[in-house]
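To start, the structure under review is shown below, and the notes come after it.
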Amino acid sequence: MDKIILAIIGALAAYNWVTYSRMWVLPLGLGILALTHSNWLLCSGGLALTGLEVYFSSVRYENHRNQQEQEAEVFLQRLAELLPLRGTLNLALQDLAADNLLAQSTADPVLWLDRVFARWQVNAVGMVASAAHVASRHGGSLQAVVEQASRKIVRDRQRRFQRQLEEASQRTTILVLAFAPYLVMGLLWLMIKPMYEVLIGTGLGHGIVAAEGVTSGAILAVLGLQIKRDGRVR
C-alpha cells in the first residue's frame with residue numbers, strides 16, 4: 001500500500017511539473033499524511049484535499065474571469081471614446097488594436113467584435129457585437145449601445161463585489177470547519193496518543209475518519225463548483 005501511495009504522489013507531482021499546474025495541495029498533503037502510516041487517514045485526507053483543489057481551481061478561474069471582465073470594460077470605455085472621434089467602427093477598432101487592447105484583427109469590423117467576444121466571453125461585449133451585426137445590415141449608431149454596455153459591466157461588477165464581500169466570511173468558515181477535525185486529530189496525536197490510536201485503529205474510528213473525508217471533500221467540491229458556475233456568468 002505504501003508503494004502505491006508513493007506512486008500516486010509521484011505521478012501527481014510529475015503531472016503538475018510537466019503541465020506547469022498550480023495544483024500542488026493534493027500531492028504535498030498526501031506526502032505529509034503518508035507520515036501518519038494510516039491508510040484510513042490518508043484516504044480521508046486525500047478526499048478532503050481533492051475537494052480543496054477543486055475549490056482553489058475555481059477561485060483561480062473566478063479571478064481569471066474578473067480580469068477578463070476588467071479588460072472588456074476598458075475596451076468598451078475606449079471604444080465609446082473613439083467612436084465619435086474616428087467616425088467609423090473600423091477606424092475605432094484599428095486604434096484599439098494599436099493600443100494592444102485587441103489581439104486579433106480582421107478587415108471586417110463586425111467579425112472583429114465577434115472575435116473579441118469569443119476571447120472574453122463577457123455578455124456586454126456580446127451585446128455590442130450583436131448590435132454591430134444589426135447596424136451593418138440596417139444602419140444606425142453603436143455609440144449608445146457601447147456606452148450602455150460599459151455601464152452594465154460596472155453595475156454588474158459592483159453587485160458581484162458586494163456579494164463576494166458578504167460571502168468571503170462564509171467561505172473562510174467552510175474551509176476552517178472542513179479541516180478542523182484533522183486539526184483535532186493532530187492534537188490527539190500530540191497530546192492524547194491513546195485516543196488517537198483508538199480513532200485510527202478501530203472500526204468505529206475508521207468510519208468517523210472516512211465520513212469526515214467524504215463530507216469535507218464533497219462540501220469543498222460543491223463550493224468550488226458553485227464559484228466556477230458564478231464565474232461563467234459575466
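Note on naming: chains are A, B, ... as they come in the C-alpha cells, residues start from 1 per chain, ligands start from 1 in the order shown.
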
Please report, as CSV, each residue of range 98-215 of chain A lying at most 6 Å from range 68-81 of chain A, together with the nearest pair of atoms and the separation in Å rounded to one decimal; use only C-alpha atoms, and order rows by chain and ascending residue number.
residue,atom,partner,partner_atom,distance
A:Trp120,CA,A:Gln68,CA,5.7
A:Val146,CA,A:Ala80,CA,5.8
A:Glu147,CA,A:Ala80,CA,5.9
A:Ser150,CA,A:Leu76,CA,5.6

What does the file look like for those residues with N, CA and C atoms, as a compact mmCIF listing (two decimals), in the first residue's frame?
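Saved the output as selection_35.txt:
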# COMPACT_ATOMS: atom_id res chain seq x y z
N TRP A 120 -13.21 37.07 -24.65
CA TRP A 120 -13.52 37.40 -23.26
C TRP A 120 -14.79 36.73 -22.73
N VAL A 146 -22.71 50.93 -26.96
CA VAL A 146 -21.40 50.74 -26.32
C VAL A 146 -21.38 51.38 -24.93
N GLU A 147 -21.93 52.57 -24.81
CA GLU A 147 -21.96 53.24 -23.51
C GLU A 147 -22.81 52.47 -22.51
N SER A 150 -20.91 49.38 -21.40
CA SER A 150 -19.86 49.72 -20.44
C SER A 150 -20.44 49.96 -19.05

Residue neighbourhood range 128-133 of chain A, 8 Å, only C-alpha atoms, exclusion window fewer than 6 positions, as a list in words: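 Using only C-alpha atoms, the neighbours found are Val110, Leu113, Asp114, Phe117, Leu142, Val145, Val146 and Ala149 of chain A.
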
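Pairwise distance (CA of Leu220 in chain A, CA of Trp24 in chain A) equals 16.4 Å.
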
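For the pair CA of Gly186 in chain A and CA of Ser57 in chain A, the interatomic distance is 26.6 Å.
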
Å distance separating CA of Arg234 in chain A from CA of Glu167 in chain A, one decimal place: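 CA of Glu167 in chain A lies at a distance of 18.0 Å from CA of Arg234 in chain A.
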
Selected residue of minimal separation from Leu33 in chain A among A:Val134, A:Ser216, A:Asp156, A:Tyr182, counting only C-alpha atoms: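 Result for the nearest residue to Leu33 in chain A: A:Tyr182.
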
Among listed residues A:Val125, A:Arg229, A:Asn63, A:Gly87, nearest Phe161 in chain A (using only C-alpha atoms):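 Of A:Val125, A:Arg229, A:Asn63, A:Gly87, the one nearest Phe161 in chain A, counting only C-alpha atoms, is A:Asn63.
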
Surrounding residues of Thr36 in chain A excluding itself and chain neighbours under 3 positions, 12 Å, only C-alpha atoms, as a list in words: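 Here the qualifying residues turn out to be Asp2, Gly29, Leu30, Gly31, Ile32, Leu33, Asn39, Trp40, Leu41, Leu42, Cys43, Gly45, Met185, Gly186, Trp189, Leu190, Tyr196, Glu197 and Ile200 of chain A.
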
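The closest residue to Gly207 in chain A, picked from A:Val184, A:Val54, A:Lys228, A:Ser44 and counting only C-alpha atoms, is A:Ser44.
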
Exercise: Ile208 in chain A partners within 12 Å, only C-alpha atoms, chain neighbours under 2 positions left out, as a list in words: Trp40, Leu41, Ser44, Pro181, Tyr182, Met185, Val198, Leu199, Ile200, Gly201, Thr202, Gly203, Leu204, Gly205, His206, Ala210, Ala211, Glu212, Gly213, Val214 and Thr215 of chain A

Residue contacts of Arg160 in chain A (12 Å, only C-alpha atoms) excluding same-chain residues fewer than 2 positions away, as a list in words: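 Near neighbours after the sequence-gap exclusion: Glu62, Asn66, Glu69, Ile153, Val154, Arg155, Asp156, Arg157, Gln158, Gln162, Arg163, Gln164, Leu165, Glu166, Glu167, Ala168, Ile227, Asp230, Gly231, Val233 and Arg234 of chain A.
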